[in-house]
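Following: one structure in structure tokens, then a few remarks.
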Amino acid sequence: MCGIVGMIANENVCEVLLKGLERLEYRGYDSAGIYLANQEEGGSLVKAQGPIKALAHKITPAMHGTVGIGHTRWATHGVPSEANAHPHRSEHGKVVLVHNGVIENYKELKEMYLKDTTLTGETDTEIVVNVIEQLMANEGLDAKSAFKKALTQIQGSYAFALIDPTQPDRFYAAKNKSPLLIGCGPDFHLVGSDALAMIHQTNQLIELQDGEIVTLTTDSVIIETLDGQKIQRTPYEAQVDNDSIDKGTYPFYMLKEIEEQPLVIRRLQQKYFDQTGNVRIDSDLIQKIAASDRLYIVACGTSYHAGLAAKATLEAWIKTPVEVHVASEFGYHMPLLTPKAFFIFLSQSGETADSRQVLVKTNQLHLPSLTITNVPGSTLAREADAALFLEAGPEIAVASTKAYTAQISLLTILAYAVAQQRGGNYGQPSDLSHEFSLIEEKMTQMIEDKSAIHQAVKHYLPTTRNAFFIGRGVDYAVALEAALKLKEISYIQAEGFAAGELKHGTIALIETGTPVIGLITDEATHTHTRGNLEEVKSRGAETMIFAKASLAQADDLFVLPDVPDYLASLVTIIPLQLLAYYASDERGYDVDKPRNLAKSVTVE
Ligand code: F6R
């Protein structure tokens with residue numbers, strides 16, 4: 001977690017750093033800080049507990065510096081506090097450091113180097129900055145050499161940016177496993193955890209790779225390996241539209257992103273289908289998937305739920321068993337794999353550590369893999385054999401919405417491509433591209449009905465402490481995602497259940513007024529789900545039924561459009577995302593930045 005940004009220029013960099021941190025706030029927002037090297041002794045260091053706006057309030061017009069580093073934090077080692085906020089200055093002020101990642105051997109480093117050092121916080125980063133200072137003092141090294149030496153001893157994940165206050169004409173950065181990009185301008189350079197942090201300054205980016213260190217001045221970027229080999233790497237143009245990261249007139253990014261979903265479907269359609277409705281995905285990749293005897297989808301959270309929602313379609317059209325696994329479990333308790341296993345990593349950010357640790361293991365076993373992500377250039381995209389991109393545009397609200405529907409859509413396109421290549425009839429439509437055009441309209445219709453959902457929230461969820469979502473088949477998969485959305489942003493304890501399973505224990509939790517939201521789009525089981533809803537209603541539950549038109553009844557709360565089963569999740573989820581959104585907003589929470597969370601989870 002955490003976001004870092006650094007800059008060197010011929011003018012004050014404070015504003016740019018602050019803007020970069022605002023853009024990185026999705027990565028963590030429990031505390032933040034900026035350090036600027038300048039003529040004042042030791043430079044200016046300011047930190048604040050809380051979101052970036054708390055830091056912004058503490059920055060005075062007098063704060064200036066032509067080189068600086070900033071950080072926004074999601075606590076791993078040590079509570080969120082000013083003392084634990086970055087940047088960290090070494091005990092005698094020789095170096096200042098920001099860090100994203102987790103140092104695994106921080107205790108050993110402390111034991112080895114810092115017996116006589118007074119530490120003020122509890123972070124692993126404070127250990128590293130002091131180790132660098134010790135190496136400078138004990139071995140007579142300059143900051144860069146000490147940094148390099150420290151890097152050879154550090155185990156774990158990191159993106160670092162380091163300043164030696166006595167050399168304000170440069171700063172240094174290095175990475176291992178955590179993301180870090182370099183931004184290039186005519187007379188300035190930056191580093192940032194992602195392109196968003198720098199796109200307001202430049203779209204000319206260079207990727208720094210694991211095991212490299214970079215020295216940045218206003219007019220040079222020197223990348224080298226830890227053993228001193230120089231690396232030449234030319235910048236590429238980042239495909240991020242600065243406007244697409246603005247909230248515009250929306251009160252929250254989440255609402256904007258929910259409403260962007262039809263547009264995302266159109267982008268996927270344009271990217272992945274040609275004029276004749278044939279899928280445009282590398283045929284080697286399709287062949288590898290067709291040749292596999294089992295697909296293993298590995299993901300976390302919402303992405304895991306997207307895998308579950310697409311599983312039935314993948315199995316039907318590819319005619320191959322599909323297993324969907326939670327990444328944090330899979331890596332350490334790997335099931336018996338079939339001889340021709342094929343791995344699909346689903347990840348909005350492409351940086352999730354739980355998923356990456358599985359990819360590292362599957363790579364060691366030489367198993368073929370594909371990453372489906374929203375972020376080109378992300379770690380999972382680079383490290384898998386192949387990558388496909390979601391075309392969802394930056395997703396800034398912590399609660400994922402458009403990436404979820406894009407993931408289901410892209411998995412469906414993938415399944416279709418395999419069926420098309422095989423040439424048989426597996427129940428796939430004759431023209432999936434056309435079906436996507438229709439779904440785009442139905443999604444728009446769901447969004448236009450948002451005031452009905454807002455009213456329902458006011459009526460059914462004003463003070464409830466808990467809620468249940470139930471469904472069968474794909475409705476169960478959607479129920480899991482709907483419950484996650486509601487709980488993560490409104491703090492209502494919400495659970496998704498297979499409708500038939502509720503009565504095997506959990507029904508004991510139903511009391512008078514407990515909201516139970518029933519999802520009904522499955523022809524084969526709708527009467528059973530209605531039966532389960534009756535069971536809870538007779539025990540006092542307040543039921544809210546979302547049913548598709550052909551299965552709807554008079555007192556259902558919300559009628560969903562009739563769409564093919566393989567696309568049902570794409571429309572069912574929209575009113576449920578809105579339900580979560582309004583529940584959070586009605587309770588007065590910051591919808592985009594729920595407590596304790598961060599968008600990109602780069603720790604295991
Ligand atoms: C919830 C949410 C998370 C992520 C999960 C995996 O709204 O966004 O559950 O889905 O942390 O992240 P990615 O998809 O980036 O691997």
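Ordered as shown in the structure tokens, chains take letters A, B, and onward, while each chain numbers its residues from 1 and ligands are numbered from 1 in the order shown.
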Neighbours of ligand 1 within 8 Å, counting only C-alpha atoms and all ligand atoms, as a list in words?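 These are the residues that qualify: Ala299, Cys300, Gly301, Thr302, Ser303, Tyr304, Leu346, Ser347, Gln348, Ser349, Gly350, Glu351, Thr352, Ser355, Thr373, Val398, Ala399, Ser400, Thr401, Ala403, Tyr404, Leu484, Lys485, Glu488, Ala598, Lys599, Ser600 and Val601 of chain A.
Residues in contact range of Asp282 of chain A, defined as at most 10 Å between only C-alpha atoms, with sequence neighbours fewer than 5 positions away removed, read Gln287, Ala386, Leu388 and Ala417 of chain A.
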Could you write out that same residue set with N, CA and C atoms as a PDB file, in the first residue's frame?
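Saved as part37.pdb:
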ATOM      1  N   GLN A 287      -5.551 -20.313 -28.357  1.00  0.00           N
ATOM      2  CA  GLN A 287      -5.227 -21.734 -28.536  1.00  0.00           C
ATOM      3  C   GLN A 287      -4.746 -22.365 -27.230  1.00  0.00           C
ATOM      4  N   ALA A 386       0.859 -13.483 -20.628  1.00  0.00           N
ATOM      5  CA  ALA A 386       0.065 -12.608 -21.503  1.00  0.00           C
ATOM      6  C   ALA A 386      -0.786 -11.698 -20.635  1.00  0.00           C
ATOM      7  N   LEU A 388      -4.369  -8.989 -20.811  1.00  0.00           N
ATOM      8  CA  LEU A 388      -5.475  -8.314 -21.509  1.00  0.00           C
ATOM      9  C   LEU A 388      -5.948  -7.187 -20.605  1.00  0.00           C
ATOM     10  N   ALA A 417     -14.320 -16.195 -27.638  1.00  0.00           N
ATOM     11  CA  ALA A 417     -13.232 -16.335 -28.613  1.00  0.00           C
ATOM     12  C   ALA A 417     -12.822 -17.801 -28.743  1.00  0.00           C
TER      13      ALA A 417
END
Show me, as an mmCIF file with N, CA, C and O atoms, in the first residue's frame, the residues that have an atom within 6 Å of segment 575-584 of chain A when counting only C-alpha atoms, minus same-chain residues fewer than 6 positions from it.
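Below is the file around07.cif, written as the result:
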data_model
loop_
_atom_site.group_PDB
_atom_site.id
_atom_site.type_symbol
_atom_site.label_atom_id
_atom_site.label_comp_id
_atom_site.auth_asym_id
_atom_site.auth_seq_id
_atom_site.Cartn_x
_atom_site.Cartn_y
_atom_site.Cartn_z
ATOM 1 N N ILE A 453 -33.681 3.512 -6.306
ATOM 2 C CA ILE A 453 -32.780 2.851 -5.355
ATOM 3 C C ILE A 453 -32.511 3.776 -4.168
ATOM 4 O O ILE A 453 -32.498 3.339 -3.009
ATOM 5 N N HIS A 454 -32.338 5.046 -4.476
ATOM 6 C CA HIS A 454 -32.093 6.009 -3.394
ATOM 7 C C HIS A 454 -33.274 5.989 -2.409
ATOM 8 O O HIS A 454 -33.081 5.941 -1.177
ATOM 9 N N VAL A 457 -33.240 2.869 -0.257
ATOM 10 C CA VAL A 457 -32.228 2.953 0.808
ATOM 11 C C VAL A 457 -32.802 3.739 1.979
ATOM 12 O O VAL A 457 -32.673 3.340 3.149
ATOM 13 N N ALA A 482 -22.471 -7.807 -4.047
ATOM 14 C CA ALA A 482 -23.359 -6.750 -3.532
ATOM 15 C C ALA A 482 -23.137 -6.573 -2.026
ATOM 16 O O ALA A 482 -23.116 -5.446 -1.515
ATOM 17 N N LYS A 485 -19.832 -4.744 -1.462
ATOM 18 C CA LYS A 485 -19.971 -3.298 -1.732
ATOM 19 C C LYS A 485 -20.626 -2.602 -0.554
ATOM 20 O O LYS A 485 -20.173 -1.565 -0.087
ATOM 21 N N LEU A 486 -21.745 -3.198 -0.076
ATOM 22 C CA LEU A 486 -22.494 -2.525 0.986
ATOM 23 C C LEU A 486 -21.645 -2.420 2.254
ATOM 24 O O LEU A 486 -21.554 -1.363 2.873
ATOM 25 N N ILE A 489 -18.410 0.159 2.280
ATOM 26 C CA ILE A 489 -18.537 1.628 2.282
ATOM 27 C C ILE A 489 -19.598 2.160 3.238
ATOM 28 O O ILE A 489 -19.580 3.335 3.570
ATOM 29 N N SER A 490 -20.539 1.282 3.693
ATOM 30 C CA SER A 490 -21.577 1.801 4.608
ATOM 31 C C SER A 490 -21.385 1.249 6.022
ATOM 32 O O SER A 490 -22.066 1.660 6.943
ATOM 33 N N VAL A 591 -17.731 8.260 0.737
ATOM 34 C CA VAL A 591 -18.000 7.055 -0.061
ATOM 35 C C VAL A 591 -16.720 6.536 -0.738
ATOM 36 O O VAL A 591 -16.489 5.327 -0.791
#
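Every protein or nucleic acid residue with an atom no more than 7 Å from Trp317 of chain A, counting only C-alpha atoms and leaving out same-chain residues fewer than 2 positions away, appears here: Thr313, Leu314, Glu315, Lys319, Ala415, Tyr416, Ala419, Tyr426, Gly427 and Gln428 of chain A.
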Go ahead and write the selection's residues with C-alpha atoms as an mmCIF file, in the first residue's frame.
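Ended up saving to result-v6.cif:
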data_model
loop_
_atom_site.group_PDB
_atom_site.id
_atom_site.type_symbol
_atom_site.label_atom_id
_atom_site.label_comp_id
_atom_site.auth_asym_id
_atom_site.auth_seq_id
_atom_site.Cartn_x
_atom_site.Cartn_y
_atom_site.Cartn_z
ATOM 1 C CA THR A 313 -20.132 -18.986 -19.024
ATOM 2 C CA LEU A 314 -16.476 -19.974 -19.276
ATOM 3 C CA GLU A 315 -17.280 -23.598 -18.523
ATOM 4 C CA LYS A 319 -16.041 -26.779 -22.241
ATOM 5 C CA ALA A 415 -14.856 -17.637 -23.583
ATOM 6 C CA TYR A 416 -16.560 -16.573 -26.788
ATOM 7 C CA ALA A 419 -15.816 -21.153 -28.743
ATOM 8 C CA TYR A 426 -21.664 -24.364 -27.102
ATOM 9 C CA GLY A 427 -24.671 -22.184 -26.434
ATOM 10 C CA GLN A 428 -22.812 -18.995 -27.270
#
